[in-house]
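Content type TSV, C-alpha atoms, from the file coords05.tsv:
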chain	number	residue	atom	x	y	z
A	1	MET	CA	-27.38	-15.40	-6.95
A	2	SER	CA	-30.28	-13.10	-6.04
A	3	ARG	CA	-33.91	-13.68	-6.95
A	4	ARG	CA	-33.58	-10.89	-9.51
A	5	ASP	CA	-30.64	-12.63	-11.20
A	6	ASN	CA	-32.56	-15.90	-11.16
A	7	ALA	CA	-35.48	-14.30	-12.99
A	8	LEU	CA	-33.18	-12.87	-15.64
A	9	THR	CA	-31.34	-16.16	-16.03
A	10	ARG	CA	-34.51	-18.15	-16.63
A	11	PHE	CA	-35.63	-15.68	-19.25
A	12	CYS	CA	-32.49	-15.33	-21.30
A	13	GLY	CA	-30.06	-18.09	-20.54
A	14	ALA	CA	-27.68	-16.53	-18.01
A	15	THR	CA	-27.56	-13.16	-19.73
A	16	THR	CA	-29.65	-10.07	-19.34
A	17	PHE	CA	-31.84	-9.22	-22.30
A	18	ARG	CA	-32.11	-5.82	-23.91
A	19	ALA	CA	-34.48	-5.17	-26.79
A	20	ARG	CA	-33.22	-2.77	-29.42
A	21	VAL	CA	-36.28	-1.62	-31.25
A	22	ALA	CA	-36.79	1.69	-32.96
A	23	PRO	CA	-39.53	3.16	-35.09
A	24	ASP	CA	-38.93	5.63	-37.89
A	25	PRO	CA	-41.74	7.94	-39.04
A	26	GLY	CA	-40.60	7.57	-42.65
A	27	PRO	CA	-40.67	10.36	-45.24
A	28	PRO	CA	-44.17	10.61	-46.73
A	29	GLN	CA	-42.77	11.94	-50.02
A	30	LEU	CA	-41.18	8.61	-50.94
A	31	ASP	CA	-42.69	5.40	-52.23
A	32	LYS	CA	-42.36	2.47	-49.85
A	33	PHE	CA	-39.37	0.79	-51.51
A	34	SER	CA	-37.37	4.00	-51.94
A	35	SER	CA	-38.10	4.97	-48.36
A	36	PHE	CA	-36.80	1.64	-47.11
A	37	LEU	CA	-33.60	1.92	-49.21
A	38	LEU	CA	-32.97	5.40	-47.86
A	39	VAL	CA	-33.53	4.41	-44.24
A	40	ALA	CA	-32.05	0.89	-44.10
A	41	PRO	CA	-28.27	1.65	-44.18
A	42	VAL	CA	-28.31	4.33	-41.50
A	43	LEU	CA	-30.79	2.37	-39.37
A	44	LEU	CA	-28.56	-0.72	-39.49
A	45	PHE	CA	-25.44	1.27	-38.62
A	46	SER	CA	-27.21	3.06	-35.77
A	47	MET	CA	-28.46	-0.20	-34.28
A	48	VAL	CA	-24.99	-1.79	-34.53
A	49	ALA	CA	-23.45	1.26	-32.85
A	50	HIS	CA	-26.10	1.05	-30.14
A	51	GLU	CA	-25.25	-2.60	-29.44
A	52	TYR	CA	-21.49	-2.04	-29.63
A	53	ALA	CA	-21.79	0.75	-27.08
A	54	HIS	CA	-23.59	-1.58	-24.68
A	55	GLY	CA	-20.92	-4.26	-25.06
A	56	TYR	CA	-18.05	-1.80	-24.70
A	57	ALA	CA	-19.59	-0.17	-21.63
A	58	ALA	CA	-20.16	-3.59	-20.08
A	59	LEU	CA	-16.50	-4.47	-20.68
A	60	LYS	CA	-15.41	-1.29	-18.94
A	61	GLN	CA	-17.69	-2.12	-16.02
A	62	GLY	CA	-16.12	-5.56	-15.58
A	63	ASP	CA	-18.21	-7.87	-17.80
A	64	ALA	CA	-16.35	-9.36	-20.78
A	65	THR	CA	-19.24	-11.55	-21.98
A	66	ALA	CA	-19.80	-9.66	-25.24
A	67	LEU	CA	-16.07	-9.69	-26.01
A	68	GLN	CA	-15.71	-13.39	-25.26
A	69	LEU	CA	-18.67	-14.28	-27.50
A	70	GLY	CA	-17.38	-12.21	-30.41
A	71	ARG	CA	-20.16	-9.63	-30.15
A	72	LEU	CA	-17.94	-6.63	-29.39
A	73	THR	CA	-17.54	-5.94	-33.09
A	74	TRP	CA	-18.69	-3.50	-35.78
A	75	ASN	CA	-19.42	-6.39	-38.14
A	76	PRO	CA	-23.17	-6.01	-38.88
A	77	ALA	CA	-23.54	-9.74	-39.50
A	78	LYS	CA	-22.83	-10.41	-35.83
A	79	HIS	CA	-25.72	-8.18	-34.78
A	80	VAL	CA	-28.35	-9.22	-37.31
A	81	ASP	CA	-31.45	-10.96	-36.06
A	82	PRO	CA	-33.27	-12.68	-38.98
A	83	PHE	CA	-36.71	-11.55	-37.88
A	84	MET	CA	-36.18	-8.26	-36.02
A	85	THR	CA	-33.46	-6.86	-38.30
A	86	LEU	CA	-34.57	-8.18	-41.69
A	87	LEU	CA	-38.10	-9.52	-41.98
A	88	LEU	CA	-39.99	-7.18	-39.66
A	89	PRO	CA	-38.76	-3.85	-41.13
A	90	VAL	CA	-39.40	-5.06	-44.69
A	91	MET	CA	-42.90	-6.27	-43.88
A	92	LEU	CA	-43.79	-3.03	-42.10
A	93	ALA	CA	-42.34	-0.89	-44.90
A	94	LEU	CA	-44.33	-2.80	-47.52
A	95	ALA	CA	-47.45	-2.45	-45.38
A	96	GLY	CA	-46.95	1.31	-45.15
A	97	GLN	CA	-46.50	1.18	-41.38
A	98	PRO	CA	-43.80	2.95	-39.29
A	99	ILE	CA	-40.57	1.03	-39.73
A	100	LEU	CA	-39.80	-1.04	-36.64
A	101	GLY	CA	-36.60	-3.02	-36.31
A	102	GLY	CA	-34.10	-4.32	-33.86
A	103	ALA	CA	-30.61	-5.78	-33.66
A	104	LYS	CA	-29.68	-8.96	-31.82
A	105	PRO	CA	-29.18	-7.92	-28.19
A	106	VAL	CA	-25.57	-7.91	-26.96
A	107	PRO	CA	-25.27	-10.45	-24.12
A	108	VAL	CA	-24.20	-9.06	-20.77
A	109	VAL	CA	-24.06	-10.58	-17.29
A	110	ALA	CA	-24.91	-7.76	-14.93
A	111	ARG	CA	-23.66	-9.57	-11.82
A	112	ASN	CA	-20.12	-9.32	-13.26
A	113	TYR	CA	-20.14	-5.53	-12.95
A	114	ARG	CA	-17.77	-4.20	-10.31
A	115	HIS	CA	-20.64	-2.09	-8.98
A	116	TYR	CA	-23.97	-3.63	-9.92
A	117	LYS	CA	-26.27	-0.60	-9.82
A	118	ARG	CA	-23.84	1.90	-11.32
A	119	GLY	CA	-22.74	-0.58	-13.98
A	120	ASP	CA	-26.31	-1.44	-14.93
A	121	ILE	CA	-27.22	2.22	-15.38
A	122	ILE	CA	-24.06	3.05	-17.35
A	123	VAL	CA	-24.43	0.07	-19.67
A	124	SER	CA	-28.13	0.73	-20.17
A	125	LEU	CA	-27.54	4.37	-21.14
A	126	ALA	CA	-24.49	3.69	-23.31
A	127	GLY	CA	-26.60	2.74	-26.31
A	128	VAL	CA	-28.68	5.91	-26.36
A	129	GLY	CA	-25.48	7.88	-25.74
A	130	ALA	CA	-24.05	6.39	-28.93
A	131	ASN	CA	-27.21	7.33	-30.83
A	132	LEU	CA	-27.02	10.91	-29.57
A	133	LEU	CA	-23.40	11.15	-30.74
A	134	ILE	CA	-24.31	9.76	-34.17
A	135	ALA	CA	-27.20	12.22	-34.53
A	136	LEU	CA	-24.95	15.17	-33.72
A	137	LEU	CA	-22.20	13.96	-36.07
A	138	LEU	CA	-24.68	13.46	-38.91
A	139	THR	CA	-26.05	16.96	-38.33
A	140	ALA	CA	-22.54	18.43	-38.42
A	141	ALA	CA	-21.68	16.46	-41.58
A	142	LEU	CA	-24.58	18.08	-43.44
A	143	VAL	CA	-22.74	21.41	-43.48
A	144	PRO	CA	-19.56	20.40	-45.39
A	145	LEU	CA	-21.69	18.26	-47.69
A	146	GLY	CA	-23.78	21.30	-48.52
A	147	ILE	CA	-20.70	23.41	-49.13
A	148	LEU	CA	-19.32	20.72	-51.44
A	149	GLY	CA	-22.56	20.39	-53.37
A	150	HIS	CA	-22.87	24.15	-53.89
A	151	SER	CA	-19.19	24.60	-54.76
A	152	VAL	CA	-18.87	21.62	-57.13
A	153	PRO	CA	-22.17	21.24	-59.02
A	154	ALA	CA	-21.09	17.89	-60.46
A	155	THR	CA	-21.29	16.40	-56.96
A	156	ALA	CA	-24.80	17.72	-56.30
A	157	PRO	CA	-26.77	14.53	-57.16
A	158	SER	CA	-24.64	12.42	-54.83
A	159	VAL	CA	-24.65	15.06	-52.11
A	160	GLU	CA	-28.45	15.29	-52.26
A	161	ILE	CA	-28.75	11.55	-51.64
A	162	LEU	CA	-26.29	11.71	-48.73
A	163	GLN	CA	-28.02	14.72	-47.21
A	164	ALA	CA	-31.39	13.00	-47.47
A	165	MET	CA	-29.98	9.86	-45.86
A	166	PHE	CA	-28.22	11.80	-43.11
A	167	ALA	CA	-31.37	13.79	-42.39
A	168	ARG	CA	-33.30	10.55	-41.95
A	169	GLY	CA	-30.40	9.34	-39.80
A	170	VAL	CA	-30.78	12.27	-37.43
A	171	ILE	CA	-34.48	11.48	-36.98
A	172	ILE	CA	-33.80	7.74	-36.66
A	173	ASN	CA	-31.21	8.21	-33.93
A	174	PHE	CA	-33.37	10.57	-31.90
A	175	SER	CA	-36.17	8.02	-32.35
A	176	LEU	CA	-33.84	5.33	-31.03
A	177	ILE	CA	-33.04	7.47	-28.02
A	178	ALA	CA	-36.65	8.16	-27.10
A	179	PHE	CA	-37.85	4.66	-27.89
A	180	ASN	CA	-35.19	2.85	-25.90
A	181	LEU	CA	-35.81	5.15	-22.92
A	182	LEU	CA	-39.41	3.99	-22.69
A	183	PRO	CA	-39.86	2.51	-19.19
A	184	ILE	CA	-41.15	-0.78	-20.60
A	185	PRO	CA	-39.03	-3.83	-19.75
A	186	PRO	CA	-36.70	-4.88	-21.19
A	187	LEU	CA	-35.89	-1.56	-22.91
A	188	ASP	CA	-33.01	0.53	-21.58
A	189	GLY	CA	-35.26	2.97	-19.77
A	190	SER	CA	-36.59	0.19	-17.58
A	191	HIS	CA	-33.05	-0.55	-16.31
A	192	VAL	CA	-32.95	2.98	-14.92
A	193	PHE	CA	-36.57	3.30	-13.83
A	194	LYS	CA	-36.45	0.10	-11.76
A	195	TYR	CA	-34.05	1.74	-9.30
A	196	LEU	CA	-36.77	4.25	-8.44
A	197	LEU	CA	-38.99	1.41	-7.21
A	198	PRO	CA	-38.91	-0.61	-3.98
A	199	PRO	CA	-36.95	-3.88	-4.50
A	200	ALA	CA	-40.07	-6.10	-4.42
A	201	TRP	CA	-41.82	-3.89	-6.96
A	202	ALA	CA	-38.69	-3.77	-9.14
A	203	LEU	CA	-38.60	-7.56	-9.37
A	204	GLN	CA	-42.23	-7.75	-10.49
A	205	TYR	CA	-41.66	-4.82	-12.85
A	206	GLN	CA	-38.77	-6.59	-14.60
A	207	ARG	CA	-40.90	-9.68	-15.15
A	208	VAL	CA	-43.06	-7.59	-17.47
A	209	GLY	CA	-40.16	-8.12	-19.89
A	210	PHE	CA	-41.55	-11.56	-20.68
A	211	PHE	CA	-44.28	-9.76	-22.62
A	212	GLY	CA	-42.20	-6.72	-23.56
A	213	LEU	CA	-42.41	-7.05	-27.35
A	214	PHE	CA	-46.18	-7.42	-27.28
A	215	LEU	CA	-46.52	-4.42	-24.97
A	216	LEU	CA	-44.32	-2.38	-27.32
A	217	ILE	CA	-46.39	-3.29	-30.37
A	218	ILE	CA	-49.51	-2.18	-28.49
A	219	ALA	CA	-47.83	0.95	-27.15
A	220	ILE	CA	-46.80	2.32	-30.55
A	221	GLN	CA	-50.45	2.32	-31.62
A	222	THR	CA	-51.48	4.71	-28.84
A	223	SER	CA	-51.50	8.49	-28.67
A	224	LEU	CA	-49.29	8.32	-25.58
A	225	PHE	CA	-46.51	6.87	-27.72
A	226	ALA	CA	-46.67	9.81	-30.13
A	227	ARG	CA	-46.54	12.21	-27.19
A	228	TRP	CA	-43.51	10.40	-25.75
A	229	MET	CA	-41.68	10.53	-29.09
A	230	ALA	CA	-42.68	14.11	-29.95
A	231	PRO	CA	-39.90	15.89	-27.98
A	232	ALA	CA	-37.22	13.76	-29.66
A	233	TRP	CA	-38.63	14.44	-33.11
A	234	SER	CA	-38.92	18.15	-32.28
A	235	VAL	CA	-35.22	18.31	-31.37
A	236	ALA	CA	-34.28	16.38	-34.53
A	237	PHE	CA	-36.23	18.72	-36.80
A	238	ALA	CA	-34.94	21.76	-34.93
A	239	LEU	CA	-31.37	20.68	-35.70
A	240	LEU	CA	-32.23	19.96	-39.32
A	241	GLY	CA	-34.03	23.29	-39.59
A	242	THR	CA	-30.94	25.11	-38.36
A	243	VAL	CA	-28.86	23.52	-41.11
A	244	ASP	CA	-31.54	24.32	-43.67
A	245	ARG	CA	-31.81	27.98	-42.64
A	246	GLY	CA	-28.04	28.24	-42.88
A	247	GLY	CA	-28.27	27.59	-46.61
A	248	PHE	CA	-26.36	24.30	-46.50
A	249	VAL	CA	-29.12	22.06	-47.86
A	250	LEU	CA	-29.28	21.32	-51.55
A	251	ALA	CA	-32.63	21.76	-53.30
A	252	GLY	CA	-33.14	18.05	-53.98
A	253	ALA	CA	-32.76	17.18	-50.30
A	254	ALA	CA	-34.69	20.12	-48.81
A	255	LYS	CA	-37.97	18.23	-48.35
A	256	TYR	CA	-36.30	15.87	-45.86
A	257	PHE	CA	-35.50	18.77	-43.54
A	258	GLN	CA	-39.08	19.93	-43.01
Turn this file's structure into structure tokens for me.
Amino acid sequence: MSRRDNALTRFCGATTFRARVAPDPGPPQLDKFSSFLLVAPVLLFSMVAHEYAHGYAALKQGDATALQLGRLTWNPAKHVDPFMTLLLPVMLALAGQPILGGAKPVPVVARNYRHYKRGDIIVSLAGVGANLLIALLLTAALVPLGILGHSVPATAPSVEILQAMFARGVIINFSLIAFNLLPIPPLDGSHVFKYLLPPAWALQYQRVGFFGLFLLIIAIQTSLFARWMAPAWSVAFALLGTVDRGGFVLAGAAKYFQ
């Protein structure tokens, strides 16, 4: 086992660790509780899909750890972390702060990959790939929902709720993409960025993961974080704006597309 594998093993018990944390800017038009109810279902699904994608990609690269431990599943209960998934988002929502949450990381053993470097990169990017797919599917789903709501007025109240939720889902998933690509260990972006460094530097860089959560909490309070996230949010609102300009958004949901 290499020194790099030893460092990872000591930190997380023979499995590599991947933090799944994502902020959501939250719609300012809603009260705190309503905002949380609107965001929670799609945030939970998006985080589960993110983790499932990591586990599935790892399996395809030769590591069956997630499958063997029963974590290659869509069952949300298997991915819930009591603090990161439940307590932290609720506390932040009640405090009026950006919603920050995370699922229980899917366990992977990188040394099981048939090709270590390629496998590590593929598995690391699989989660954000899943979030991109979800964001695009949610955007596409807004169109038939709008047609239904306009064609059958009786469905309008339900369609407005779904469109509002899906619009938040688009923003959430682009937030997940940008956030997880931050080059702060142990986020996904660090598993790609480390290969740009000399081996000795990469080892020291990964050890920053011991303090990763604290660094992330500090990072989201800085202007640099907003600048990093801005392109993702711009793309999200550009997609939502296209749907809105197409006349597919019902009046009750329009404020979530601006």
Of the listed residues A:Ile177, A:Ile172, A:Leu137, A:Ala53, that which approaches A:Thr73 most closely, counting all atoms listed in the file: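 Selected residue with least distance to A:Thr73: A:Ala53.
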Atom pair atom CA of A:Tyr52 / atom CA of A:His115: separation (Å):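 We find that atom CA of A:Tyr52 and atom CA of A:His115 lie 20.7 Å from each other.
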Proximity to A:Gly55 - best of A:Ala202, A:Ala40, A:Ala103, A:Ala126, only C-alpha atoms: A:Ala126
Atomic distance atom CA of A:Val108 - atom CA of A:Leu213, expressed in Å with one decimal: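 Result for atom CA of A:Val108 versus atom CA of A:Leu213: 19.5 Å, one decimal.
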Straight-line distance linking atom CA of A:Arg71 with atom CA of A:Ala49, stated in Å to one decimal: 11.7 Å
Contacts of stretch 230-242 of chain A at 6 Å (all atoms listed in the file; same-chain gap of 4+ positions) as JSON, numbers by chain: {"A": [171, 174, 226, 257]}
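Nearest-residue note for A:Val109: choosing from A:Ala167, A:Leu197, A:Gly212, A:Gly62, the minimum distance belongs to A:Gly62, counting all atoms listed in the file.
Distances here use all atoms listed in the file; by that measure, the residue among A:Leu37, A:Ile134, A:Leu162, A:Leu125 closest to A:Leu148 is A:Leu162.
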Spatial sel., origin (-26.9, 7.6, -41.5), limit 7 Å, all atoms listed in the file, listed as a short mmCIF file (atom, residue, chain, number, x, y, z; two decimals) with C-alpha atoms, keeping the file's coordinate frame:
data_model
loop_
_atom_site.label_atom_id
_atom_site.label_comp_id
_atom_site.auth_asym_id
_atom_site.auth_seq_id
_atom_site.Cartn_x
_atom_site.Cartn_y
_atom_site.Cartn_z
CA PRO A 41 -28.27 1.65 -44.18
CA VAL A 42 -28.31 4.33 -41.50
CA LEU A 43 -30.79 2.37 -39.37
CA LEU A 138 -24.68 13.46 -38.91
CA MET A 165 -29.98 9.86 -45.86
CA PHE A 166 -28.22 11.80 -43.11
CA GLY A 169 -30.40 9.34 -39.80
#
Polymer residues at most 7 Å from stretch 247-256 of chain A, all atoms listed in the file, same-chain spacing of 4 or more positions, as a PyMOL selection string: chain A and resi 143+146-147+160+163-164+167+243
Distance criterion (all atoms listed in the file): nearest to A:Ser190 out of A:Leu86, A:Leu224, A:Ile121, A:Leu133: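 Nearest to A:Ser190: A:Ile121.
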Neighbour residues at most 9 Å from (-37.0, 2.3, -26.2) (all atoms listed in the file) as a ChimeraX atom specification: /A:19-22,175-184,186-190,216
